[in-house]
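Since the structure comes first, as structure tokens, the remarks are kept for the end.
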Amino acid sequence: MLWPERPDNWRLGAVLAQRAFAQVAAAIARFEPVMVGVSARQWLNARRLLPPHVRVVELSSNDAWVRDCGPTFVVDDRGGLRGVDWGFNAWGGLQGGLYFPWDQDALVARKILEIERADRYAAPLVLEGGSIHVDGQGTLITTEECLLNPNRNPGLSRAEIEGYLREYLNVEKIIWLGQGVYNDETGGHVDNLCCFVQPGVVLLTWTDDPDDPQYAISRDALERLSVALDAQGRRLEVHTIHQPNPVLITEEEAAGVDAIEGTLPRRAGDRLAASYVNFYIANGGVIAPLFDDPHDEPALATLRELFPDREVVGVPAHEILLGGGNIHCITQQQPLAASV
Ligand code: KQY
């Protein structure tokens, strides 16, 4: 994980977000080791707020979305660990990106791989980890809205992008969904819309309200998933999970964020892209976002049914959502290398 601090994205100097991140770190640390990268300025504060068994390392970044700027770890068939270091342009660079500069984020993957002594593949593709999900058996799901947006890889065709995904992730089948969650500032990351529960089984965020702009997006995704075959030639089993009621930024929340030119503004009344699909799968656990919403309990029940062998732990995630993402976006899993 990375530690949040920038006051132009996190309200009240990020104090509330820091508590939420610390809760996520503590929840994951019940299941597996956790490392958090923190700026020099915040190191002592983070060390104080994080549990002692969470490792805190000094690591510069522009914000706190390690899913997107961190490495995508891969293992070879002998269990050797390497990391893919994608290009990063803060979700769209100067054409709709979320802040400037992003120079320190762009180094995060490389620095983590140095720390972990894992070899690095530098991929010639701008891509955030939250824009892809894989099943580990040759299938990848993504969205057209994000990967085909010219603000990521303007010179590349769909076929060329698929070529790089195949080459760097060793996938054979790419399932394209259309749009991501309504108003998702990442430009349609799949990790807020749909994820694998296990190979052959996916979970899709949903709404029963035909007047909600998410309705048509989720229906379209369902139609595409229902006809798709995965890399093993299987039809997917598709489950849905009802989204929370629309979450809008309040006056008080917007007023707590420093307005700085070049960073996406936080305006009262804007809808946030709240989704229960944005969870983290740990060894033996699932860490899921809660929104203090009537749909929280049914969502936890669905996750418990779908992950019978893992303990599902809900963590209040409103403060993370206010920054523009959720638990999956602020975490990055690292497989254990065979030689370790
Ligand atoms: O959700 C994510 N994967 C990242 C969101 C970035 C938000 C920056 N304000």
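Every chain in the structure tokens takes a letter, A first, then B, and so on in the order presented; its residues are numbered from 1, and the ligands are numbered from 1 following the presented order.
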Item to check | Test item: residues no farther than 9 Å from ligand 1, counting only C-alpha atoms and all ligand atoms, as a PyMOL selection string | outcome: chain A and resi 8-10+63-68+90-91+97-99+128-131+184-186+189+191-192+263-264+273+278+321-330
Item to check | Residue contacts of stretch 234-250 of chain A (9 Å, only C-alpha atoms) excluding same-chain residues fewer than 6 positions away, as an MDAnalysis selection string | outcome: chainID A and resid 194 199:208 212 222 225:228 266:277 290:296 298:299 302:303 306 318 322
Checklist entry - Leaving out A:Gly93 and any residue of its chain fewer than 2 positions from it, which residues lie within 12 Å of it when counting only C-alpha atoms, given as a PyMOL selection string? => result chain A and resi 87-91+95-103+106+126-127+149-154+186-187+262-263
Those selected residues, please, written with C-alpha atoms and delivered as a PDB file, in the first residue's frame.
ATOM      1  CA  GLY A  87       3.746   3.286 -18.156  1.00  0.00           C
ATOM      2  CA  PHE A  88       1.779   5.583 -15.848  1.00  0.00           C
ATOM      3  CA  ASN A  89       0.243   8.980 -16.722  1.00  0.00           C
ATOM      4  CA  ALA A  90      -2.146   9.646 -13.798  1.00  0.00           C
ATOM      5  CA  TRP A  91      -5.203   8.212 -15.562  1.00  0.00           C
ATOM      6  CA  GLN A  95      -5.970  14.940 -21.571  1.00  0.00           C
ATOM      7  CA  GLY A  96      -8.212  14.264 -18.603  1.00  0.00           C
ATOM      8  CA  GLY A  97      -5.685  12.913 -16.110  1.00  0.00           C
ATOM      9  CA  LEU A  98      -6.329  13.481 -12.416  1.00  0.00           C
ATOM     10  CA  TYR A  99      -3.251  15.446 -11.365  1.00  0.00           C
ATOM     11  CA  PHE A 100       0.082  16.813 -12.480  1.00  0.00           C
ATOM     12  CA  PRO A 101       2.897  15.944 -11.999  1.00  0.00           C
ATOM     13  CA  TRP A 102       2.945  12.133 -11.669  1.00  0.00           C
ATOM     14  CA  ASP A 103       6.730  11.713 -11.865  1.00  0.00           C
ATOM     15  CA  ALA A 106       5.840   6.639 -12.348  1.00  0.00           C
ATOM     16  CA  VAL A 126       0.424   2.970 -20.400  1.00  0.00           C
ATOM     17  CA  LEU A 127      -1.775   0.885 -18.133  1.00  0.00           C
ATOM     18  CA  ASN A 149      -9.162   5.805 -24.455  1.00  0.00           C
ATOM     19  CA  PRO A 150      -6.694   7.797 -26.589  1.00  0.00           C
ATOM     20  CA  ASN A 151      -5.447   9.486 -23.412  1.00  0.00           C
ATOM     21  CA  ARG A 152      -3.582   6.273 -22.498  1.00  0.00           C
ATOM     22  CA  ASN A 153      -2.024   4.856 -25.685  1.00  0.00           C
ATOM     23  CA  PRO A 154      -3.062   7.100 -28.574  1.00  0.00           C
ATOM     24  CA  THR A 186     -10.288   6.594 -13.573  1.00  0.00           C
ATOM     25  CA  GLY A 187     -12.072   6.481 -16.908  1.00  0.00           C
ATOM     26  CA  GLY A 262      -4.255  20.759 -12.113  1.00  0.00           C
ATOM     27  CA  THR A 263      -5.967  18.351  -9.681  1.00  0.00           C
TER      28      THR A 263
END
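If only C-alpha atoms are the atoms counted, then among A:Gly13, A:Gly180, A:Gly188, A:Gly138 the closest residue to A:Gly92 is A:Gly188.
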